[in-house]
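Asker: Below are the structure tokens for one structure; questions will follow.
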Amino acid sequence: MKSAKKYLSLTLMGAFIIFSSCIILKKQDKPTLFLIGDSTVKNGKGTGDGALWGWGSFIGDLFDSEKIYVENDALGGTSSRTYQSNGLWDAVLAKVKKGDFVMMQFGHNDSSPLDDTARARGTIKGIGTESREIYNPIKKKREVVYTYGWYLRKFISDIKAKGATAIVCSPVPRNPVKEDAVVLANDSYAGWAAEVAKAEKVDFIPLNQIIKDKYGALSAAKVKTFFTDKDHTHTNETGAKLNAAAVVEGLKKLKNNKLHHYLK
């Protein structure tokens, strides 16, 4: 009798171990979509602090969570430079595995000064190979600063080396309403992001233009409802959801990108 009970216990334990292993393997097989960017992707903790939202807080709702994980690793205040130089990118890259996706959107903060005492987060304009050595007053040490395009290429190179898929998004437009009119301006960073993606042969979502097209078809009063009165950059929940939907719209137009297979 004791032998039978012992055999039953061992059988049940073995079955539990096999079942648990299957769950772990299934979890490991599921790819992850990592989001990196600034506050327009994730504002604050991503929970609507101050009624400000980034589109990364809502895009996960548009994917099938049974098939893919969506991890929003964007951080407000960062540029393509400081996301790398402050160690944020290293932390994300360590988690990226073959078959994953990394979607990036930078540019809003790259136009900041290179070496001011407030942030020291700017990048050299353009996509060339220029560099400039500066004294970083925040870190109190010398630092070589490169172009916006150089930092994007570094992201892309690292992602490719991991066997993952890089997707570049142009930065979402700021509030275009001026004196009760929708004034849609060109964004240099949107153009540079497109150029880098083309040169590096990775997928590009013209997010800036997709959203501007939507704004252009609406009244100034309606467009204003996508933003708060706090600034002209950050969207509220409604605006962030519109931006998230625009990302998916652009994603669906990519011919050979496997990520759209994970959409709901």
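Chain labels follow the order of the structure tokens: the first chain is A, the next B, and so on; residue numbering restarts at 1 in every chain, and ligands are counted from 1 in their shown order.
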Which neighbours of range 53-55 of chain A fall inside 7 Å, counting only C-alpha atoms, when residues of the same chain fewer than 2 positions from it are skipped, and could you give them as a short mmCIF file (atom, residue, chain, number, x, y, z; two decimals) with C-alpha atoms, in the first residue's frame?

Answerer:
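And here is the file that came out, around_1.cif:
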data_model
loop_
_atom_site.label_atom_id
_atom_site.label_comp_id
_atom_site.auth_asym_id
_atom_site.auth_seq_id
_atom_site.Cartn_x
_atom_site.Cartn_y
_atom_site.Cartn_z
CA SER A 39 7.54 60.70 -22.91
CA THR A 40 5.32 60.70 -25.99
CA VAL A 41 5.63 56.91 -25.85
CA LYS A 42 5.49 56.61 -22.06
CA ASN A 43 4.76 59.62 -19.91
CA GLY A 46 2.65 55.29 -17.95
CA GLY A 48 -1.74 58.97 -16.83
CA ALA A 51 -3.67 63.44 -17.49
CA SER A 57 0.46 52.77 -22.74
CA PHE A 58 -2.35 51.73 -25.09
CA ILE A 59 -0.78 49.92 -28.00
CA HIS A 234 2.02 65.62 -24.70
CA THR A 235 -1.30 64.03 -25.55
CA ASN A 236 -4.12 63.16 -23.19
CA GLU A 237 -5.69 59.69 -23.18
CA ALA A 240 -2.52 58.80 -27.09
CA LYS A 241 -5.07 56.23 -28.25
CA ASN A 243 -1.47 57.79 -31.87
CA ALA A 244 -1.42 54.10 -30.89
#

Asker: Could you tell me, as an MDAnalysis selection string, which residues of range 2-190 of chain A DSSP assigns to strand (DSSP E or B) when given the backbone?

Answerer: chainID A and resid 32:37 53 63 69:72 101:105 124 131:136 141:147 165:169 177:178 181:182

Asker: May I have a table of the residues of range 45-153 of chain A lying at most 12 Å from range 196-212 of chain A, giving each one's closest pair of atoms and their distance in Å to one decimal, counting only C-alpha atoms, ordered by chain and ascending residue number, as a Markdown table?

Answerer:
| residue | atom | partner | partner_atom | distance |
| --- | --- | --- | --- | --- |
| A:Trp55 | CA | A:Leu207 | CA | 11.3 |
| A:Phe101 | CA | A:Asp203 | CA | 11.1 |
| A:Val102 | CA | A:Asp203 | CA | 10.9 |
| A:Met103 | CA | A:Phe204 | CA | 9.5 |
| A:Met104 | CA | A:Phe204 | CA | 9.8 |
| A:Gln105 | CA | A:Leu207 | CA | 9.2 |
| A:Phe106 | CA | A:Asn208 | CA | 11.4 |
| A:Gly107 | CA | A:Asn208 | CA | 11.0 |
| A:His108 | CA | A:Asn208 | CA | 11.6 |
| A:Gly126 | CA | A:Val196 | CA | 9.9 |
| A:Ile127 | CA | A:Val196 | CA | 7.1 |
| A:Gly128 | CA | A:Val196 | CA | 9.8 |
| A:Thr147 | CA | A:Val196 | CA | 11.4 |
| A:Tyr148 | CA | A:Val196 | CA | 9.6 |
| A:Gly149 | CA | A:Val196 | CA | 6.2 |
| A:Trp150 | CA | A:Val196 | CA | 8.8 |
| A:Tyr151 | CA | A:Val196 | CA | 10.1 |
| A:Leu152 | CA | A:Val196 | CA | 7.3 |
| A:Arg153 | CA | A:Val196 | CA | 7.0 |

Asker: I need the residues from that last selection saved to file as a short mmCIF file (atom, residue, chain, number, x, y, z; two decimals), in the first residue's frame (with N, CA and C atoms), if you can.

Answerer:
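Result written to selection.cif:
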data_model
loop_
_atom_site.label_atom_id
_atom_site.label_comp_id
_atom_site.auth_asym_id
_atom_site.auth_seq_id
_atom_site.Cartn_x
_atom_site.Cartn_y
_atom_site.Cartn_z
N TRP A 55 1.56 56.99 -26.28
CA TRP A 55 0.85 55.96 -27.03
C TRP A 55 1.24 54.54 -26.65
N PHE A 101 10.93 41.96 -31.23
CA PHE A 101 10.79 43.19 -32.01
C PHE A 101 11.12 44.38 -31.11
N VAL A 102 11.79 45.37 -31.66
CA VAL A 102 12.07 46.60 -30.91
C VAL A 102 11.61 47.78 -31.76
N MET A 103 10.65 48.52 -31.24
CA MET A 103 10.10 49.69 -31.94
C MET A 103 10.62 50.95 -31.24
N MET A 104 11.22 51.84 -32.01
CA MET A 104 11.83 53.03 -31.43
C MET A 104 11.19 54.30 -31.96
N GLN A 105 11.10 55.31 -31.10
CA GLN A 105 10.62 56.63 -31.52
C GLN A 105 11.32 57.70 -30.68
N PHE A 106 12.25 58.39 -31.31
CA PHE A 106 12.99 59.46 -30.66
C PHE A 106 12.99 60.70 -31.55
N GLY A 107 13.32 61.84 -30.96
CA GLY A 107 13.44 63.07 -31.73
C GLY A 107 12.99 64.31 -31.00
N HIS A 108 12.00 64.16 -30.12
CA HIS A 108 11.46 65.35 -29.45
C HIS A 108 12.49 66.07 -28.58
N GLY A 126 21.04 65.93 -37.89
CA GLY A 126 21.35 65.18 -39.09
C GLY A 126 21.61 63.70 -38.84
N ILE A 127 22.11 63.02 -39.87
CA ILE A 127 22.33 61.58 -39.77
C ILE A 127 23.75 61.18 -40.14
N GLY A 128 24.62 62.16 -40.24
CA GLY A 128 26.00 61.89 -40.66
C GLY A 128 26.86 61.28 -39.58
N THR A 147 25.56 62.34 -34.02
CA THR A 147 24.33 62.82 -34.65
C THR A 147 23.14 61.95 -34.24
N TYR A 148 21.97 62.50 -34.47
CA TYR A 148 20.72 61.76 -34.24
C TYR A 148 20.74 60.44 -35.01
N GLY A 149 21.16 60.51 -36.26
CA GLY A 149 21.21 59.31 -37.09
C GLY A 149 22.20 58.28 -36.58
N TRP A 150 23.31 58.74 -36.03
CA TRP A 150 24.32 57.82 -35.49
C TRP A 150 23.72 56.98 -34.36
N TYR A 151 22.98 57.64 -33.47
CA TYR A 151 22.39 56.91 -32.34
C TYR A 151 21.31 55.94 -32.80
N LEU A 152 20.51 56.34 -33.81
CA LEU A 152 19.51 55.41 -34.34
C LEU A 152 20.18 54.20 -34.96
N ARG A 153 21.27 54.43 -35.68
CA ARG A 153 21.98 53.30 -36.30
C ARG A 153 22.55 52.37 -35.26
#

Asker: Let's see if you can do this: from backbone DSSP, list all alpha helix (DSSP H) residues in range 14-257 of chain A, as a ChimeraX atom specification.

Answerer: /A:14-29,56-59,82-85,88-93,148-161,188-200,207-216,220-224,237-252

Asker: Which of these, A:Leu93, A:Ala185, A:Gly37, A:Arg119, has the shortest distance to Val168 in chain A once you count only C-alpha atoms?

Answerer: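 Answer, going by the shortest atom-to-atom distance: A:Gly37.
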
Asker: Rounded to one decimal, what separation in Å do you get between CA of Asn136 in chain A and CA of Ser112 in chain A?

Answerer: 13.4 Å

Asker: With only C-alpha atoms as the atoms that count, which of A:Glu143, A:Gly50, A:Asp29, A:Glu133 lies nearest to Lys230 in chain A?

Answerer: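 Looking at the shortest contact to Lys230 in chain A, the residue is A:Gly50.
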
Asker: Using only C-alpha atoms, which residue out of A:Ser170, A:Val223, A:Asp61, A:Tyr215 lies closest to Glu195 in chain A?

Answerer: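 Selected residue with least distance to Glu195 in chain A: A:Ser170.
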
Asker: Could you pull the residues within 7 Å of Ser79 in chain A, counting only C-alpha atoms, minus those fewer than 4 positions along the same chain, as a PDB file with N, CA, C and O atoms, in the first residue's frame?

Answerer:
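Result file out.pdb:
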ATOM      1  N   ASP A  38      10.683  58.363 -25.830  1.00  0.00           N
ATOM      2  CA  ASP A  38      10.578  59.418 -24.820  1.00  0.00           C
ATOM      3  C   ASP A  38       9.182  59.462 -24.212  1.00  0.00           C
ATOM      4  O   ASP A  38       8.429  58.485 -24.291  1.00  0.00           O
ATOM      5  N   TYR A  83      19.221  57.952 -23.908  1.00  0.00           N
ATOM      6  CA  TYR A  83      18.665  56.614 -23.684  1.00  0.00           C
ATOM      7  C   TYR A  83      19.791  55.583 -23.726  1.00  0.00           C
ATOM      8  O   TYR A  83      19.744  54.570 -23.043  1.00  0.00           O
ATOM      9  N   PHE A 106      12.249  58.388 -31.313  1.00  0.00           N
ATOM     10  CA  PHE A 106      12.993  59.462 -30.656  1.00  0.00           C
ATOM     11  C   PHE A 106      12.994  60.699 -31.547  1.00  0.00           C
ATOM     12  O   PHE A 106      12.724  60.618 -32.738  1.00  0.00           O
ATOM     13  N   GLY A 107      13.320  61.836 -30.963  1.00  0.00           N
ATOM     14  CA  GLY A 107      13.445  63.065 -31.727  1.00  0.00           C
ATOM     15  C   GLY A 107      12.988  64.305 -31.000  1.00  0.00           C
ATOM     16  O   GLY A 107      13.533  65.389 -31.205  1.00  0.00           O
ATOM     17  N   ASN A 109      13.398  65.310 -27.995  1.00  0.00           N
ATOM     18  CA  ASN A 109      14.380  65.915 -27.082  1.00  0.00           C
ATOM     19  C   ASN A 109      15.767  66.031 -27.697  1.00  0.00           C
ATOM     20  O   ASN A 109      16.676  66.588 -27.067  1.00  0.00           O
ATOM     21  N   ASP A 110      15.939  65.507 -28.899  1.00  0.00           N
ATOM     22  CA  ASP A 110      17.254  65.541 -29.537  1.00  0.00           C
ATOM     23  C   ASP A 110      17.674  66.935 -29.960  1.00  0.00           C
ATOM     24  O   ASP A 110      18.860  67.193 -30.168  1.00  0.00           O
ATOM     25  N   ARG A 121      21.232  66.706 -23.185  1.00  0.00           N
ATOM     26  CA  ARG A 121      20.685  65.513 -23.846  1.00  0.00           C
ATOM     27  C   ARG A 121      20.615  65.639 -25.370  1.00  0.00           C
ATOM     28  O   ARG A 121      20.227  64.690 -26.045  1.00  0.00           O
ATOM     29  N   GLY A 122      20.987  66.786 -25.908  1.00  0.00           N
ATOM     30  CA  GLY A 122      20.859  67.005 -27.340  1.00  0.00           C
ATOM     31  C   GLY A 122      21.813  66.169 -28.165  1.00  0.00           C
ATOM     32  O   GLY A 122      22.819  65.638 -27.663  1.00  0.00           O
TER      33      GLY A 122
END

Asker: Which one of A:Lys140, A:Lys214, A:Lys255, A:Val70 sits closest to Leu184 in chain A if you count only C-alpha atoms?

Answerer: A:Lys214

Asker: Between A:Ala91, A:Ala164, A:Ala74, A:Val96, which one has atoms that come closest to Lys258 in chain A, using only C-alpha atoms?

Answerer: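 Of all the options, A:Ala164 lies closest to Lys258 in chain A.
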
Asker: Using only C-alpha atoms, which of the listed residues (A:Asp49, A:Ile159, A:Asn186, A:Lys141) sits closest to Pro171 in chain A?

Answerer: A:Asn186

Asker: List as number ranges by chain the protein and nucleic acid residues near Gly99 in chain A, meaning an atom at most 9 Å away when only C-alpha atoms are counted, but skip any in the same chain fewer than 4 places from it.

Answerer: A: 29-32, 162-165
